[in-house]
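**Student:** This is run.txt, which holds compact mmCIF, C-alpha atoms:
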# COMPACT_ATOMS: atom_id res chain seq x y z
CA MET A 20 60.62 63.48 3.59
CA PRO A 21 58.30 60.45 3.49
CA LEU A 22 55.40 59.82 5.85
CA ASN A 23 57.61 58.12 8.44
CA ALA A 24 58.59 61.68 9.39
CA LEU A 25 55.27 61.73 11.28
CA ASN A 26 56.99 59.63 13.94
CA LYS A 27 59.14 62.66 14.79
CA ILE A 28 56.10 64.84 15.49
CA ASN A 29 54.23 64.82 18.80
CA ILE A 30 50.84 64.41 17.17
CA GLU A 31 49.06 64.20 20.50
CA ASN A 32 49.76 67.93 20.86
CA TRP A 33 47.66 68.81 17.80
CA ASN A 34 45.13 70.72 19.95
CA ASP A 35 47.56 72.24 22.45
CA PRO A 36 46.65 75.93 22.86
CA GLU A 37 50.29 77.01 22.56
CA ILE A 38 51.86 74.65 20.02
CA GLY A 39 48.86 73.01 18.33
CA VAL A 40 49.00 75.27 15.27
CA ALA A 41 52.70 74.55 14.80
CA VAL A 42 52.13 70.80 15.15
CA ARG A 43 49.38 70.80 12.53
CA HIS A 44 51.60 72.87 10.23
CA GLU A 45 54.41 70.32 10.58
CA ILE A 46 51.98 67.54 9.69
CA ALA A 47 50.90 69.53 6.64
CA LYS A 48 54.53 69.90 5.49
CA VAL A 49 55.04 66.16 5.84
CA ILE A 50 51.92 65.55 3.73
CA GLU A 51 53.14 67.92 0.98
CA ASN A 52 56.62 66.40 0.80
CA ALA A 53 55.28 62.86 0.92
CA SER A 54 52.81 63.62 -1.89
CA TRP A 55 55.78 64.15 -4.20
CA GLU A 56 57.75 61.18 -2.91
CA GLY A 57 58.54 58.97 -5.90
CA SER A 58 56.48 61.14 -8.26
CA LYS A 59 57.58 60.98 -11.89
CA LEU A 60 56.72 64.68 -12.15
CA GLU A 61 58.85 65.85 -9.22
CA PRO A 62 62.21 66.24 -11.09
CA PHE A 63 60.89 69.02 -13.32
CA ILE A 64 58.72 71.08 -10.97
CA GLY A 65 59.88 74.39 -9.52
CA ARG A 66 59.63 78.17 -9.37
CA GLY A 67 61.88 78.96 -12.35
CA GLU A 68 60.60 79.53 -15.87
CA ASP A 69 62.91 76.74 -17.10
CA ARG A 70 61.00 74.04 -15.17
CA GLY A 71 58.41 71.87 -16.88
CA ILE A 72 55.78 72.56 -14.21
CA ARG A 73 56.20 76.12 -12.99
CA THR A 74 54.87 76.93 -9.53
CA TYR A 75 53.63 80.26 -8.20
CA LYS A 76 52.95 80.96 -4.52
CA VAL A 77 49.35 82.13 -4.06
CA GLU A 78 47.78 82.08 -0.58
CA GLU A 79 44.21 83.14 -1.35
CA PRO A 80 41.58 81.92 -3.83
CA GLY A 81 40.67 84.26 -6.67
CA VAL A 82 42.13 85.32 -9.99
CA TYR A 83 45.90 85.19 -10.50
CA GLN A 84 47.79 86.24 -13.61
CA PRO A 85 51.23 84.69 -14.11
CA ARG A 86 53.28 86.62 -16.64
CA LEU A 87 56.06 85.76 -19.02
CA GLN A 88 58.21 88.00 -21.18
CA ALA A 89 58.13 87.09 -24.87
CA GLN A 90 61.44 86.73 -26.68
CA LEU A 91 62.91 89.91 -28.16
CA THR A 92 62.91 89.75 -31.96
CA GLY A 93 64.33 93.10 -33.07
CA ASP A 94 67.51 93.56 -35.15
CA GLY A 95 69.14 96.02 -32.75
CA VAL A 96 71.40 98.87 -33.87
CA VAL A 97 74.88 98.94 -35.39
CA GLY A 98 77.70 101.42 -35.19
CA ASN A 99 76.78 105.05 -34.53
CA ALA A 100 73.03 104.54 -34.86
CA ASP A 101 70.90 105.78 -31.95
CA PHE A 102 69.00 103.19 -29.92
CA ASP A 103 65.70 104.94 -30.61
CA THR A 104 66.06 104.37 -34.35
CA ASN A 105 65.26 100.69 -33.92
CA LEU A 106 63.58 100.03 -30.57
CA ASP A 107 62.53 96.48 -29.76
CA GLN A 108 59.15 95.49 -28.34
CA LEU A 109 58.72 94.32 -24.75
CA ALA A 110 55.72 92.01 -25.05
CA ILE A 111 54.43 90.55 -21.79
CA LEU A 112 52.37 87.38 -22.08
CA SER A 113 49.76 86.74 -19.41
CA GLN A 114 47.25 84.08 -18.46
CA ALA A 115 44.44 84.19 -15.91
CA VAL A 116 44.06 81.21 -13.59
CA TYR A 117 41.70 80.84 -10.66
CA PRO A 118 43.12 79.16 -7.54
CA LYS A 119 40.40 77.56 -5.43
CA ILE A 120 40.24 75.62 -2.18
CA VAL A 121 40.25 71.87 -2.71
CA GLY A 122 40.07 69.45 0.19
CA ASN A 123 39.01 66.09 1.60
CA SER A 124 38.44 64.53 5.02
CA MET A 125 37.95 61.25 6.89
CA ARG A 126 35.81 60.50 9.94
CA SER A 127 36.48 57.89 12.58
CA GLU A 128 34.02 55.44 14.06
CA ILE A 129 32.59 56.28 17.46
CA SER A 130 35.17 56.05 20.21
CA TYR A 131 33.49 52.99 21.78
CA HIS A 132 33.92 50.93 18.60
CA GLN A 133 37.20 52.45 17.44
CA LYS A 134 40.00 49.90 17.72
CA ILE A 135 42.82 52.42 17.29
CA LYS A 136 43.70 55.43 19.41
CA GLN A 137 43.01 58.96 18.18
CA VAL A 138 46.70 59.58 17.46
CA ASP A 139 46.88 56.42 15.35
CA PHE A 140 43.70 57.42 13.52
CA ILE A 141 45.26 60.78 12.68
CA LYS A 142 48.35 58.99 11.31
CA GLN A 143 46.31 56.54 9.25
CA SER A 144 44.13 59.32 7.91
CA THR A 145 47.22 61.29 6.92
CA ILE A 146 48.40 58.37 4.76
CA GLY A 147 45.09 58.21 2.90
CA LEU A 148 44.82 61.99 2.49
CA THR A 149 48.38 62.23 1.18
CA LYS A 150 47.59 59.69 -1.54
CA TRP A 151 44.40 61.59 -2.37
CA ILE A 152 46.29 64.91 -2.69
CA SER A 153 48.89 63.29 -4.95
CA ASP A 154 46.31 61.60 -7.20
CA LYS A 155 44.07 64.69 -7.43
CA ARG A 156 47.00 66.95 -8.30
CA ASP A 157 48.52 64.60 -10.88
CA LYS A 158 45.19 63.90 -12.60
CA SER A 159 44.60 67.65 -12.85
CA ILE A 160 48.02 68.05 -14.48
CA PHE A 161 47.34 65.24 -16.96
CA ALA A 162 43.87 66.60 -17.72
CA SER A 163 45.34 70.03 -18.41
CA LEU A 164 47.94 68.60 -20.78
CA ILE A 165 45.45 66.82 -23.03
CA ASN A 166 42.78 69.50 -23.02
CA ASP A 167 42.47 71.76 -26.08
CA LEU A 168 45.76 70.77 -27.73
CA SER A 169 47.03 73.33 -30.22
CA ASN A 170 49.84 71.18 -31.63
CA VAL A 171 50.17 67.45 -32.19
CA VAL A 172 52.12 64.82 -34.10
CA VAL A 173 50.16 61.76 -35.25
CA ALA A 174 51.61 58.26 -35.68
CA ASP A 175 51.18 56.43 -38.99
CA ALA A 176 51.63 52.71 -39.73
CA THR A 177 53.28 53.33 -43.11
CA ASN A 178 55.32 56.50 -42.77
CA GLY A 179 55.72 56.85 -39.02
CA VAL A 180 54.01 60.26 -39.07
CA LYS A 181 50.74 61.25 -40.73
CA ASP A 182 50.48 64.33 -42.93
CA SER A 183 48.08 66.51 -40.92
CA SER A 184 48.60 69.68 -42.96
CA LYS A 185 44.99 69.73 -44.18
CA ALA A 186 43.42 69.10 -40.76
CA LYS A 187 41.53 72.09 -39.42
CA THR A 188 41.98 71.13 -35.77
CA THR A 189 44.15 68.82 -33.70
CA GLN A 190 41.05 66.70 -33.06
CA GLU A 191 40.57 66.24 -36.80
CA ALA A 192 44.23 65.27 -37.10
CA THR A 193 44.06 62.60 -34.39
CA GLN A 194 40.69 61.26 -35.56
CA ALA A 195 42.49 59.99 -38.68
CA ILE A 196 44.16 57.31 -36.53
CA VAL A 197 43.24 53.73 -37.42
CA GLU A 198 44.32 50.37 -36.07
CA GLY A 199 48.01 49.80 -36.73
CA ASP A 200 49.05 53.45 -36.34
CA VAL A 201 51.37 52.63 -33.47
CA LEU A 202 54.08 54.78 -31.98
CA THR A 203 57.60 54.53 -33.44
CA MET A 204 60.91 56.36 -33.20
CA LYS A 205 59.93 58.38 -36.28
CA THR A 206 56.93 59.80 -34.43
CA ILE A 207 59.02 60.78 -31.41
CA LYS A 208 61.76 62.35 -33.53
CA GLN A 209 59.18 64.37 -35.45
CA ALA A 210 57.80 65.79 -32.19
CA ILE A 211 61.32 66.74 -31.07
CA LEU A 212 62.06 68.36 -34.44
CA MET A 213 58.81 70.35 -34.32
CA ALA A 214 59.73 71.62 -30.85
CA ARG A 215 63.25 72.61 -31.86
CA VAL A 216 62.49 74.38 -35.13
CA GLY A 217 59.05 75.73 -34.24
CA LYS A 218 56.57 73.96 -36.53
CA ASN A 219 52.94 73.04 -35.94
CA TYR A 220 50.88 70.06 -37.07
CA LYS A 221 50.01 71.87 -40.30
CA ASN A 222 53.75 72.18 -41.06
CA LYS A 223 53.53 75.93 -40.64
CA GLU A 224 55.82 78.16 -38.62
CA ALA A 225 54.99 78.41 -34.92
CA PHE A 226 57.71 79.00 -32.30
CA PRO A 227 60.54 76.90 -30.84
CA ILE A 228 59.95 75.41 -27.40
CA LYS A 229 62.47 76.02 -24.64
CA PRO A 230 63.78 72.80 -23.03
CA VAL A 231 63.26 71.84 -19.39
CA LYS A 232 65.86 72.12 -16.65
CA SER A 233 65.83 69.05 -14.42
CA ASN A 234 67.88 68.48 -11.27
CA LEU A 235 68.48 65.35 -9.23
CA HIS A 236 71.38 64.02 -7.18
CA THR A 237 73.25 61.08 -8.61
CA TYR A 238 74.33 58.12 -6.54
CA GLY A 239 77.71 59.80 -6.12
CA GLY A 240 76.12 62.77 -4.41
CA VAL A 241 76.86 65.13 -7.30
CA GLN A 242 73.97 67.18 -8.64
CA VAL A 243 73.40 66.91 -12.38
CA THR A 244 71.69 69.68 -14.34
CA HIS A 245 70.07 68.48 -17.54
CA TYR A 246 68.32 70.50 -20.24
CA SER A 247 66.06 68.63 -22.62
CA TYR A 248 62.52 68.09 -23.70
CA ILE A 249 60.67 65.50 -21.66
CA ILE A 250 58.63 62.85 -23.48
CA LEU A 251 55.69 61.53 -21.43
CA LEU A 252 54.01 58.39 -22.81
CA ASP A 253 51.34 56.01 -21.56
CA SER A 254 52.08 52.33 -21.09
CA TYR A 255 50.50 51.34 -24.43
CA GLN A 256 52.79 53.72 -26.27
CA ILE A 257 55.83 52.52 -24.35
CA GLN A 258 55.15 48.92 -25.40
CA GLN A 259 54.68 49.97 -29.01
CA LEU A 260 57.93 51.92 -28.98
CA GLN A 261 59.84 49.02 -27.45
CA ARG A 262 58.82 46.80 -30.38
CA ASP A 263 60.23 49.25 -32.93
CA PRO A 264 63.53 47.87 -34.34
CA GLU A 265 64.97 51.40 -34.57
CA TRP A 266 64.24 51.91 -30.87
CA ILE A 267 65.85 48.59 -29.93
CA ASN A 268 69.03 49.47 -31.81
CA ALA A 269 69.14 53.01 -30.45
CA GLN A 270 68.91 51.91 -26.83
CA LYS A 271 71.85 49.52 -27.27
CA VAL A 272 74.09 52.52 -27.81
CA GLY A 273 71.95 55.10 -26.01
CA LEU A 274 72.70 57.36 -23.10
CA ARG A 275 73.97 55.65 -20.00
CA GLY A 276 75.14 56.82 -16.60
CA ASP A 277 74.12 59.85 -14.55
CA LYS A 278 71.45 61.24 -16.86
CA ASN A 279 69.49 58.01 -16.64
CA ASN A 280 69.24 58.66 -12.90
CA LEU A 281 67.50 61.99 -13.44
CA PHE A 282 64.03 60.53 -13.83
CA SER A 283 62.01 57.66 -12.39
CA GLY A 284 60.15 55.45 -14.83
CA ILE A 285 62.62 56.21 -17.62
CA ALA A 286 62.27 53.84 -20.57
CA GLY A 287 65.09 55.22 -22.69
CA VAL A 288 66.44 58.30 -24.41
CA VAL A 289 65.89 59.72 -27.90
CA ASP A 290 67.99 62.64 -29.13
CA ASP A 291 69.00 63.31 -25.52
CA CYS A 292 65.33 63.52 -24.47
CA PRO A 293 64.23 61.07 -21.74
CA ILE A 294 61.19 58.90 -22.46
CA ILE A 295 59.09 58.33 -19.33
CA ASP A 296 56.34 55.76 -18.78
CA MET A 297 53.60 57.73 -17.01
CA GLY A 298 51.13 54.84 -16.78
CA VAL A 299 47.46 54.89 -17.74
CA TRP A 300 44.61 56.86 -16.18
CA SER A 301 41.99 54.79 -14.37
CA LYS A 302 39.60 55.31 -11.48
CA LEU A 303 42.13 53.81 -9.08
CA SER A 304 45.40 55.12 -10.51
CA THR A 305 46.91 58.20 -12.07
CA GLY A 306 48.42 58.27 -15.54
CA LEU A 307 47.94 59.76 -18.97
CA ALA A 308 44.38 60.01 -20.20
CA ASN A 309 43.28 58.32 -23.41
CA SER A 310 40.14 58.53 -25.54
CA THR A 311 38.36 55.79 -23.57
CA ILE A 312 38.23 57.91 -20.40
CA SER A 313 34.67 59.02 -19.66
CA ASP A 314 33.90 62.70 -20.11
CA SER A 315 32.48 62.88 -16.59
CA ASP A 316 35.67 61.48 -15.04
CA PHE A 317 37.76 63.92 -17.07
CA ASN A 318 35.60 66.93 -16.21
CA LYS A 319 36.06 66.30 -12.48
CA ASN A 320 39.75 67.05 -12.89
CA ILE A 321 39.73 70.26 -14.92
CA ASP A 322 38.51 73.73 -13.98
CA SER A 323 36.58 75.36 -16.82
CA ARG A 324 37.63 78.81 -15.57
CA ASN A 325 41.28 78.03 -16.37
CA VAL A 326 40.75 77.03 -20.01
CA THR A 327 39.33 78.57 -23.19
CA GLN A 328 37.34 75.45 -23.99
CA ILE A 329 37.07 71.86 -22.77
CA THR A 330 37.95 69.10 -25.22
CA PRO A 331 37.67 65.75 -23.40
CA PRO A 332 39.95 62.90 -24.49
CA SER A 333 37.03 61.24 -26.29
CA SER A 334 37.03 64.11 -28.81
CA TYR A 335 40.40 63.02 -30.21
CA ALA A 336 39.12 59.68 -31.54
CA LYS A 337 36.51 58.21 -33.87
CA SER A 338 36.15 54.42 -34.05
CA GLN A 339 39.72 53.58 -33.02
CA PRO A 340 40.76 54.37 -29.41
CA VAL A 341 43.65 56.85 -29.20
CA SER A 342 46.55 57.19 -26.76
CA ILE A 343 48.08 60.64 -26.38
CA GLY A 344 51.48 61.29 -24.89
CA PHE A 345 53.29 64.61 -24.73
CA LEU A 346 56.51 66.41 -25.42
CA ILE A 347 56.81 69.10 -22.78
CA GLY A 348 59.22 71.99 -22.53
CA ALA A 349 59.86 74.76 -20.00
CA SER A 350 56.77 76.30 -18.34
CA ALA A 351 54.45 73.76 -19.96
CA VAL A 352 52.12 73.69 -16.94
CA ILE A 353 51.25 76.36 -14.39
CA MET A 354 50.54 75.42 -10.77
CA ALA A 355 49.53 78.36 -8.58
CA GLY A 356 48.68 77.95 -4.93
CA ALA A 357 49.87 77.54 -1.37
CA ASP A 358 53.21 75.85 -0.73
CA THR A 359 51.64 73.45 1.76
CA PRO A 360 48.09 72.28 2.52
CA THR A 361 46.22 73.11 5.72
CA PHE A 362 45.66 70.21 8.13
CA TYR A 363 42.59 69.98 10.37
CA VAL A 364 41.50 67.80 13.28
CA ASP A 365 38.03 68.05 14.86
CA ASP A 366 37.31 65.74 17.80
CA LYS A 367 33.94 67.30 18.63
CA GLN A 368 31.94 65.49 15.97
CA ASP A 369 28.77 63.66 17.01
CA LEU A 370 28.91 65.08 20.56
CA GLY A 371 32.59 64.18 20.85
CA ARG A 372 32.16 60.54 19.89
CA LYS A 373 33.95 60.84 16.53
CA THR A 374 36.99 62.57 15.07
CA ILE A 375 37.32 64.14 11.63
CA VAL A 376 40.72 64.61 10.02
CA GLY A 377 40.86 66.81 6.94
CA VAL A 378 43.20 68.63 4.60
CA ASP A 379 42.70 71.34 2.01
CA ARG A 380 44.78 73.71 -0.07
CA VAL A 381 44.53 76.66 -2.42
CA ILE A 382 45.51 75.50 -5.90
CA ALA A 383 45.03 76.11 -9.61
CA ILE A 384 46.50 73.91 -12.34
CA ALA A 385 46.46 74.87 -16.00
CA LYS A 386 48.42 74.27 -19.16
CA ALA A 387 50.38 77.40 -20.08
CA LYS A 388 48.46 79.17 -22.82
CA PHE A 389 49.32 82.84 -22.73
CA LYS A 390 47.52 85.81 -24.24
CA ASP A 391 49.27 88.71 -25.96
CA SER A 392 49.48 91.99 -24.09
CA GLU A 393 47.43 94.82 -25.56
CA GLY A 394 49.00 96.38 -28.64
CA TYR A 395 51.33 93.46 -29.40
CA THR A 396 50.96 90.38 -31.55
CA THR A 397 53.14 87.32 -31.00
CA ALA A 398 53.24 83.73 -32.24
CA TYR A 399 52.46 82.56 -28.69
CA ASN A 400 48.95 83.99 -28.49
CA ASP A 401 46.41 81.38 -27.33
CA SER A 402 48.70 78.47 -28.23
CA ASP A 403 50.13 75.79 -25.96
CA PHE A 404 53.34 77.40 -24.76
CA ALA A 405 55.42 74.25 -24.36
CA VAL A 406 53.34 71.15 -25.16
CA ILE A 407 53.07 68.96 -28.28
CA GLY A 408 50.67 66.02 -28.21
CA ILE A 409 51.94 62.64 -29.44
CA ALA A 410 48.98 60.57 -30.67
CA SER A 411 48.87 56.90 -31.64
CA SER A 412 46.47 53.99 -31.82
CA MET A 413 45.65 52.57 -28.38
CA GLU A 414 46.41 48.91 -28.89
Would you kindly transcribe this structure into structure tokens?

**Tutor:**
Amino acid sequence: MPLNALNKINIENWNDPEIGVAVRHEIAKVIENASWEGSKLEPFIGRGEDRGIRTYKVEEPGVYQPRLQAQLTGDGVVGNADFDTNLDQLAILSQAVYPKIVGNSMRSEISYHQKIKQVDFIKQSTIGLTKWISDKRDKSIFASLINDLSNVVVADATNGVKDSSKAKTTQEATQAIVEGDVLTMKTIKQAILMARVGKNYKNKEAFPIKPVKSNLHTYGGVQVTHYSYIILLDSYQIQQLQRDPEWINAQKVGLRGDKNNLFSGIAGVVDDCPIIDMGVWSKLSTGLANSTISDSDFNKNIDSRNVTQITPPSSYAKSQPVSIGFLIGASAVIMAGADTPTFYVDDKQDLGRKTIVGVDRVIAIAKAKFKDSEGYTTAYNDSDFAVIGIASSME
């Protein structure tokens, strides 16, 4: 439902004592729906644990602990053996996030100088606030993805993938990038392999990543369900990939038809995994962050309470700027908060000469990084649950 749905709402009734609350709630629903309109993230967001961005309904600020059951790993019993001779472990993974109220507002000029009516000002303000909500949310998601990576694959000019087995941290692994270490099909395929077999950047055993379920209607009106990893790249990486001869040949015979309609911004498909151009982060646009982003700009979009430590994008590079894309699987990002924002109008400002229109919402965004429950030890503990960084030279 795009913003033209505002035309169906009697906005002038926003302060009616009987229906004003309902009118403002309808405006808020329009803002929420419009904030996802055309979003490249929208196809893989949802309540289920098989969505890339998993949402939880939380109405009040404070601590919230989403939980996830770890995979059962026992051998079971055979034949006449009693169940209690080989009981499995029910390990519950949990993560604390802290939803908070985030909002913004706009104020009109004094009524004497205002060239548009109050209703029109409310409509115009809604457009600007919707864009602000969308940008703020998406930048928080992108900031969460790049922060404190626990697994990464690093591009290499000679071999396609660098050997990072001796690196102590993911930052040390990506700091080895030099000019010419551009993204290729080999880099992408290595990330997909690591996700499927459960390997980390040190080539040691980790855990397989569950693929994402994505839904979207095709042009024929039939809903397609697609399970795959999603590859998110910035525009520099997309251009590098498109110059790779192996990529060019693969796309000639690549996936065509309905699955290409599942995502907006799709650049192609590798091993049945869609490659999506997410753009580049700047002050005026959302996109994936790279090592040239200022620490202060990055810190505005991440809540220190929701992470173990903050590692700004600059920490992943030395002398050569670095782009970082991502392979994401199911439940890669947690978004806890209210289903819709709250919409406000105050026409009593400056002795009634000005009107303020505002919106806020309860929200917390964090990369899924679960902790073991007491008494159990799993491979998931304090590791990115469904994210692998894909690093290359920014050129």

**Student:** Hey, which of A:Ile321, A:Leu370, A:Ile267, A:Val216 ends up closest to Ser159 (chain A)? Count all atoms listed in the file.

**Tutor:**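 Distance minimum relative to Ser159 (chain A) lands on A:Ile321.
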
**Student:** Hey, could you make a per-residue contact list for region 266-369 of chain A against region 180-192 of chain A with 9 Å as the cut-off, showing the nearest pair of atoms and its distance in Å to one decimal, counting all atoms listed in the file, sorted by chain and number, as CSV?

**Tutor:**
residue,atom,partner,partner_atom,distance
A:Thr330,CA,A:Gln190,CA,8.8
A:Ser334,CA,A:Gln190,CA,6.4
A:Tyr335,CA,A:Gln190,CA,4.7
A:Ala336,CA,A:Gln190,CA,7.4

**Student:** Print the selection's residues with C-alpha atoms to a file, as an mmCIF file, in the coordinates of the input.

**Tutor:**
data_model
loop_
_atom_site.group_PDB
_atom_site.id
_atom_site.type_symbol
_atom_site.label_atom_id
_atom_site.label_comp_id
_atom_site.auth_asym_id
_atom_site.auth_seq_id
_atom_site.Cartn_x
_atom_site.Cartn_y
_atom_site.Cartn_z
ATOM 1 C CA THR A 330 37.950 69.100 -25.220
ATOM 2 C CA SER A 334 37.030 64.110 -28.810
ATOM 3 C CA TYR A 335 40.400 63.020 -30.210
ATOM 4 C CA ALA A 336 39.120 59.680 -31.540
#

**Student:** Please report the interatomic distance between CA of Thr374 (chain A) and CA of Ala53 (chain A) in Å with one decimal.

**Tutor:** 23.1 Å

**Student:** What lies within 9 Å of region 304-318 of chain A using only C-alpha atoms, ignoring chain neighbours under 2 positions off, as number ranges by chain?

**Tutor:** A: 153-155, 157-159, 161-162, 165, 251-254, 296-302, 320-323, 329, 331-336, 339-344, 413

**Student:** Using all atoms listed in the file, pick whichever of A:Ala286, A:Gln261, A:Glu414, A:Gly71 has the shortest atom-to-atom distance to Ile160 (chain A).

**Tutor:**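 Nearest to Ile160 (chain A): A:Gly71.
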
**Student:** Would you give me, as CSV, each residue of region 249-360 of chain A having an atom within 7 Å of an atom of region 111-127 of chain A, along with its shortest atom pair and that distance in Å to one decimal, using only C-alpha atoms and sorting by chain and residue number?

**Tutor:**
residue,atom,partner,partner_atom,distance
A:Arg324,CA,A:Tyr117,CA,6.7
A:Asn325,CA,A:Val116,CA,5.1
A:Ala355,CA,A:Pro118,CA,6.5
A:Gly356,CA,A:Pro118,CA,6.3

**Student:** For C-alpha atoms, I'd like the residues from the last selection saved as a PDB file, in the coordinates of the input.

**Tutor:**
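File result-v6.pdb, as written:
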ATOM      1  CA  ARG A 324      37.630  78.810 -15.570  1.00  0.00           C
ATOM      2  CA  ASN A 325      41.280  78.030 -16.370  1.00  0.00           C
ATOM      3  CA  ALA A 355      49.530  78.360  -8.580  1.00  0.00           C
ATOM      4  CA  GLY A 356      48.680  77.950  -4.930  1.00  0.00           C
TER       5      GLY A 356
END

**Student:** Of the residues A:Lys142, A:Arg156, A:Asp35, A:Ile382, which is the one nearest to Glu61 (chain A), using only C-alpha atoms?

**Tutor:**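 Among the listed residues, A:Arg156 lies closest to Glu61 (chain A).
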
**Student:** Closest to Ala410 (chain A) among A:Pro230, A:Gly81, A:Gly179, A:Gly287, using only C-alpha atoms?

**Tutor:**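 Smallest separation from Ala410 (chain A) among the options: A:Gly179.
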
**Student:** Using the file's own x, y and z axes, what box holds all listed atoms of region 374-388 of chain A with 8 Å on each side, keeping edges along x, y and z, and what are its centre and edge lengths in Å to one decimal, as AutoDock Vina command-line options?

**Tutor:**
--center_x 43.7 --center_y 70.9 --center_z -3.9 --size_x 29.4 --size_y 32.6 --size_z 53.9

**Student:** Which residue gives the smallest distance to Ala349 (chain A) among A:Asp366, A:Glu56, A:Glu45, A:Asp403, with only C-alpha atoms counted?

**Tutor:**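 Closest to Ala349 (chain A), using only C-alpha atoms: A:Asp403.
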
**Student:** Would you list the contacts of Gln209 (chain A) as a VMD selection string, taking every protein, DNA or RNA residue within 12 Å and counting only C-alpha atoms, but skipping same-chain residues closer than 3 positions in sequence?

**Tutor:** chain A and resid 171 to 175 178 to 182 202 to 206 212 to 220 222 289 to 290 346 407 to 410

**Student:** Once you've located region 371-376 of chain A in the structure I gave, write it as a short mmCIF file (atom, residue, chain, number, x, y, z; two decimals), in the first residue's frame, keeping all heavy atoms.

**Tutor:**
data_model
loop_
_atom_site.label_atom_id
_atom_site.label_comp_id
_atom_site.auth_asym_id
_atom_site.auth_seq_id
_atom_site.Cartn_x
_atom_site.Cartn_y
_atom_site.Cartn_z
N GLY A 371 -0.45 28.09 18.81
CA GLY A 371 -1.38 27.70 17.76
C GLY A 371 -1.01 28.18 16.37
O GLY A 371 -1.77 27.97 15.43
N ARG A 372 0.15 28.83 16.24
CA ARG A 372 0.53 29.34 14.92
C ARG A 372 1.19 28.28 14.04
O ARG A 372 1.26 28.45 12.82
CB ARG A 372 1.50 30.52 15.07
CG ARG A 372 0.91 31.71 15.82
CD ARG A 372 1.78 32.94 15.65
NE ARG A 372 3.17 32.70 15.99
CZ ARG A 372 4.19 33.45 15.60
NH1 ARG A 372 3.96 34.50 14.82
NH2 ARG A 372 5.43 33.18 15.96
N LYS A 373 1.70 27.21 14.65
CA LYS A 373 2.44 26.20 13.90
C LYS A 373 1.93 24.80 14.23
O LYS A 373 1.32 24.58 15.28
CB LYS A 373 3.94 26.28 14.22
CG LYS A 373 4.56 27.64 13.87
CD LYS A 373 6.00 27.73 14.33
CE LYS A 373 6.59 29.12 14.04
NZ LYS A 373 7.97 29.26 14.55
N THR A 374 2.21 23.89 13.32
CA THR A 374 1.80 22.49 13.48
C THR A 374 3.03 21.59 13.43
O THR A 374 3.90 21.79 12.57
CB THR A 374 0.81 22.06 12.38
OG1 THR A 374 -0.35 22.88 12.45
CG2 THR A 374 0.43 20.59 12.52
N ILE A 375 3.10 20.64 14.35
CA ILE A 375 4.16 19.63 14.32
C ILE A 375 3.54 18.29 13.97
O ILE A 375 2.50 17.90 14.53
CB ILE A 375 4.90 19.54 15.67
CG1 ILE A 375 5.84 20.73 15.84
CG2 ILE A 375 5.70 18.25 15.77
CD1 ILE A 375 6.69 20.67 17.09
N VAL A 376 4.17 17.60 13.03
CA VAL A 376 3.79 16.24 12.66
C VAL A 376 4.96 15.33 12.99
O VAL A 376 6.10 15.62 12.61
CB VAL A 376 3.44 16.14 11.16
CG1 VAL A 376 3.16 14.70 10.78
CG2 VAL A 376 2.24 17.02 10.84
#
